Structures are given as structure tokens and as C-alpha cells.
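> Structure incoming, see below.
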Amino acid sequence: QVQLVESGGGLVQAGGSLRLSCAASGSIFNFRAMGWYRQAPGKQRELVAVITSVGSTNYEDSVKGRFTISRDSAKNTIYLQMNSLKPEDTAVYYCNAVRGLVNYWGQGTQVTVSS
């Protein structure tokens, strides 16, 4: 059973930074892609950033230049470094991993950015 455990959320002022972590229960190379989604109240869940098994990355337009996704294969962990945070980044952030046609999800971590 795949487990994804997120950490690193919290409350930060606008312009501040946070780093989210997602630890997988096995090798991250078992997944063809891993990424971060977010869901704000009353909105649909949206993809924020993704990193593939070969290291390619992609970002949602509103976070380009501010957020960076990375991985540490030795720790079976991916990260989301979030800089220059804005109130509109407030959401629950979810770690996602894809293996074959199956999506796995973490429990989510709250990020709140105050103005």
C-alpha cells in the first residue's frame, strides 16, 4: 500500500516562504510522476507542480518563478519550495503520485497566507 505523508504547511505572511515535503513509503522511482495539487475553499483541486520520473518539471502558470518542485531519491521525498507567497495561494496542498493508471494522494496540508 502506497503512503504519502505531507508536512510543512502553516501560516505565513504575504511575501514569505514555506517548504512542503512529501515522503513516500517506497522508492519515488516507482512512480511515473509525482506532484502537488491544491484546493481552495469552493474551488476545484488544481495541479500546482509536477516532476516526472526522468526529472522533467511543469508548473501552473500562476506559480511559475515562485515555486520549485524537487526530489531527494535517497529520502523518497519530494518538496515544494514556495516563495513570494500570496493570499491567493491559500489552500490545502496535496501530494500526488501516479503509478500506471492509479493515483495516490496524501492527506493534505493547510497553507494559509495572510495579507
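Residue numbering restarts at 1 for every chain of the C-alpha cells, chains are lettered A, B, ... in their displayed order, and ligands are numbered from 1 as they appear.
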From chain A, collect each residue whose DSSP state is strand (DSSP E or B) and return the set as JSON, numbers by chain.
{"A": [4, 5, 6, 7, 10, 11, 12, 13, 18, 19, 20, 21, 22, 23, 24, 33, 34, 35, 36, 37, 38, 39, 46, 47, 48, 49, 50, 51, 52, 57, 58, 59, 67, 68, 69, 70, 71, 72, 77, 78, 79, 80, 81, 82, 91, 92, 93, 94, 95, 96, 97, 98, 99, 102, 103, 104, 105, 109, 110, 111, 112, 113, 114]}
> Give me the residues near Asn103 of chain A as a list in words, where near means some atom within 12 Å (using only C-alpha atoms) and where sequence neighbours in that chain fewer than 6 positions away do not count.
Val2, Gln3, Leu4, Phe31, Arg32, Ala33, Met34, Gly35, Tyr94, Cys95, Asn96 and Ala97 of chain A
> Output N, CA, C and O atoms of each residue in that selection to a file, as a PDB file, in the first residue's frame.

ATOM      1  N   VAL A   2       0.628   2.134  -0.930  1.00  0.00           N
ATOM      2  CA  VAL A   2       1.409   3.358  -1.029  1.00  0.00           C
ATOM      3  C   VAL A   2       0.907   4.371  -0.009  1.00  0.00           C
ATOM      4  O   VAL A   2      -0.297   4.583   0.133  1.00  0.00           O
ATOM      5  N   GLN A   3       1.842   4.969   0.690  1.00  0.00           N
ATOM      6  CA  GLN A   3       1.506   6.050   1.613  1.00  0.00           C
ATOM      7  C   GLN A   3       2.317   7.278   1.268  1.00  0.00           C
ATOM      8  O   GLN A   3       3.515   7.186   0.997  1.00  0.00           O
ATOM      9  N   LEU A   4       1.641   8.416   1.264  1.00  0.00           N
ATOM     10  CA  LEU A   4       2.275   9.704   1.031  1.00  0.00           C
ATOM     11  C   LEU A   4       1.969  10.578   2.242  1.00  0.00           C
ATOM     12  O   LEU A   4       0.808  10.783   2.574  1.00  0.00           O
ATOM     13  N   PHE A  31       7.107   5.614  -9.315  1.00  0.00           N
ATOM     14  CA  PHE A  31       6.029   6.426  -9.857  1.00  0.00           C
ATOM     15  C   PHE A  31       6.490   7.118 -11.136  1.00  0.00           C
ATOM     16  O   PHE A  31       7.613   7.591 -11.216  1.00  0.00           O
ATOM     17  N   ARG A  32       5.609   7.189 -12.111  1.00  0.00           N
ATOM     18  CA  ARG A  32       5.981   7.873 -13.345  1.00  0.00           C
ATOM     19  C   ARG A  32       5.927   9.384 -13.185  1.00  0.00           C
ATOM     20  O   ARG A  32       6.533  10.105 -13.983  1.00  0.00           O
ATOM     21  N   ALA A  33       5.206   9.848 -12.189  1.00  0.00           N
ATOM     22  CA  ALA A  33       5.190  11.271 -11.891  1.00  0.00           C
ATOM     23  C   ALA A  33       4.729  11.471 -10.454  1.00  0.00           C
ATOM     24  O   ALA A  33       3.967  10.654  -9.916  1.00  0.00           O
ATOM     25  N   MET A  34       5.213  12.545  -9.862  1.00  0.00           N
ATOM     26  CA  MET A  34       4.745  12.980  -8.543  1.00  0.00           C
ATOM     27  C   MET A  34       4.527  14.479  -8.619  1.00  0.00           C
ATOM     28  O   MET A  34       5.177  15.179  -9.412  1.00  0.00           O
ATOM     29  N   GLY A  35       3.614  14.951  -7.802  1.00  0.00           N
ATOM     30  CA  GLY A  35       3.351  16.376  -7.875  1.00  0.00           C
ATOM     31  C   GLY A  35       2.564  16.890  -6.703  1.00  0.00           C
ATOM     32  O   GLY A  35       2.291  16.161  -5.744  1.00  0.00           O
ATOM     33  N   TYR A  94      -2.009  19.032  -1.595  1.00  0.00           N
ATOM     34  CA  TYR A  94      -1.996  17.575  -1.585  1.00  0.00           C
ATOM     35  C   TYR A  94      -0.836  17.047  -2.427  1.00  0.00           C
ATOM     36  O   TYR A  94      -0.602  17.525  -3.538  1.00  0.00           O
ATOM     37  N   CYS A  95      -0.169  16.067  -1.900  1.00  0.00           N
ATOM     38  CA  CYS A  95       0.852  15.349  -2.655  1.00  0.00           C
ATOM     39  C   CYS A  95       0.168  14.270  -3.485  1.00  0.00           C
ATOM     40  O   CYS A  95      -0.780  13.615  -3.015  1.00  0.00           O
ATOM     41  N   ASN A  96       0.650  14.085  -4.700  1.00  0.00           N
ATOM     42  CA  ASN A  96       0.078  13.101  -5.615  1.00  0.00           C
ATOM     43  C   ASN A  96       1.187  12.280  -6.228  1.00  0.00           C
ATOM     44  O   ASN A  96       2.267  12.791  -6.515  1.00  0.00           O
ATOM     45  N   ALA A  97       0.920  10.996  -6.429  1.00  0.00           N
ATOM     46  CA  ALA A  97       1.864  10.117  -7.122  1.00  0.00           C
ATOM     47  C   ALA A  97       1.086   9.235  -8.084  1.00  0.00           C
ATOM     48  O   ALA A  97      -0.019   8.786  -7.757  1.00  0.00           O
TER      49      ALA A  97
END
> With only C-alpha atoms as the atoms that count, which of A:Gln13, A:Arg19, A:Val111, A:Val98 lies nearest to Val50 of chain A?
A:Val98
> Can you tell me which residues surround Ala91 of chain A at a distance of at most 9 Å, considering only C-alpha atoms, apart from same-chain residues fewer than 3 positions away, and format the answer as a PyMOL selection string?
chain A and resi 38-41+88+109-113
> One decimal, in Å: what's the spacing between atom CA of Gly42 of chain A and atom CA of Ser17 of chain A?
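Here the two named atoms are 24.4 Å from each other.
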> In Å to one decimal, how far is atom CA of Ser70 of chain A from atom CA of Ser27 of chain A?
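So the two atoms, atom CA of Ser27 of chain A and atom CA of Ser70 of chain A, lie 14.8 Å apart.
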> Rank A:Ile78, A:Val5, A:Ala14, A:Val63 by their smallest atom-to-atom distance to Ile28 of chain A, using only C-alpha atoms, and report the top residue only.
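Using only C-alpha atoms, Ile28 of chain A sits closest to A:Ile78.
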> From the set A:Thr57, A:Leu85, A:Ser73, A:Gln44, which residue has the shortest atom-to-atom contact distance to Ser25 of chain A, counting only C-alpha atoms?
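Selected residue with least distance to Ser25 of chain A: A:Ser73.
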> Check which residues of segment 77-97 of chain A sit at most 6 Å from segment 20-24 of chain A using only C-alpha atoms, and return one row each with the closest pair of atoms and their distance in Å to one decimal, ordered by chain and rising number, as CSV.

residue,atom,partner,partner_atom,distance
A:Thr77,CA,A:Ala23,CA,4.4
A:Ile78,CA,A:Cys22,CA,5.3
A:Tyr79,CA,A:Ser21,CA,4.5
A:Leu80,CA,A:Leu20,CA,5.0
> Using only C-alpha atoms, determine which residues lie at most 9 Å from Glu60 of chain A, disregarding the query and same-chain residues fewer than 4 positions distant; provide the list as a short mmCIF file (atom, residue, chain, number, x, y, z; two decimals) with all heavy atoms, in the first residue's frame.

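As a result, selection_8.cif now contains:
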data_model
loop_
_atom_site.label_atom_id
_atom_site.label_comp_id
_atom_site.auth_asym_id
_atom_site.auth_seq_id
_atom_site.Cartn_x
_atom_site.Cartn_y
_atom_site.Cartn_z
N GLU A 46 -6.53 21.80 -8.17
CA GLU A 46 -5.75 22.13 -9.36
C GLU A 46 -4.31 21.68 -9.20
O GLU A 46 -3.77 21.67 -8.09
CB GLU A 46 -5.78 23.64 -9.64
CG GLU A 46 -5.14 24.51 -8.57
CD GLU A 46 -5.09 25.97 -8.94
OE1 GLU A 46 -5.55 26.36 -10.04
OE2 GLU A 46 -4.59 26.76 -8.12
N LEU A 47 -3.71 21.35 -10.33
CA LEU A 47 -2.30 20.96 -10.33
C LEU A 47 -1.43 22.20 -10.15
O LEU A 47 -1.62 23.21 -10.82
CB LEU A 47 -1.95 20.27 -11.65
CG LEU A 47 -0.49 19.87 -11.84
CD1 LEU A 47 -0.08 18.82 -10.82
CD2 LEU A 47 -0.26 19.37 -13.25
N VAL A 48 -0.49 22.10 -9.23
CA VAL A 48 0.44 23.20 -8.97
C VAL A 48 1.79 22.95 -9.64
O VAL A 48 2.32 23.81 -10.32
CB VAL A 48 0.64 23.39 -7.46
CG1 VAL A 48 1.68 24.48 -7.18
CG2 VAL A 48 -0.68 23.73 -6.78
N ALA A 49 2.33 21.75 -9.42
CA ALA A 49 3.64 21.43 -9.98
C ALA A 49 3.78 19.92 -10.06
O ALA A 49 3.21 19.20 -9.24
CB ALA A 49 4.76 22.00 -9.10
N LYS A 64 4.69 29.92 -11.53
CA LYS A 64 5.97 29.90 -12.22
C LYS A 64 6.86 31.04 -11.73
O LYS A 64 6.42 32.18 -11.61
CB LYS A 64 5.76 30.02 -13.73
CG LYS A 64 5.22 28.76 -14.38
CD LYS A 64 5.02 28.93 -15.88
CE LYS A 64 4.49 27.66 -16.50
NZ LYS A 64 4.21 27.82 -17.96
#
> Based on the backbone DSSP call, show me all residues of chain A assigned helix (DSSP H, G or I), as a ChimeraX atom specification.
/A:28-30,61-63,73-75,87-89
> Expressed in Å to a single decimal, how great is the separation between atom CA of Gly26 of chain A and atom CA of Ala74 of chain A?
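According to the coordinates, atom CA of Gly26 of chain A and atom CA of Ala74 of chain A are separated by 10.5 Å.
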> Using only C-alpha atoms, can you tell me which of A:Ser115, A:Asn58, A:Ser53, A:Gln1 comes closest to Thr90 of chain A?
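The shortest atom-to-atom distance to Thr90 of chain A comes from A:Ser115.
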> Between A:Phe29, A:Leu101, A:Tyr37, A:Arg66, which is the closest to Lys86 of chain A once you count only C-alpha atoms?
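Among A:Phe29, A:Leu101, A:Tyr37, A:Arg66, it is A:Arg66 that comes nearest to Lys86 of chain A.
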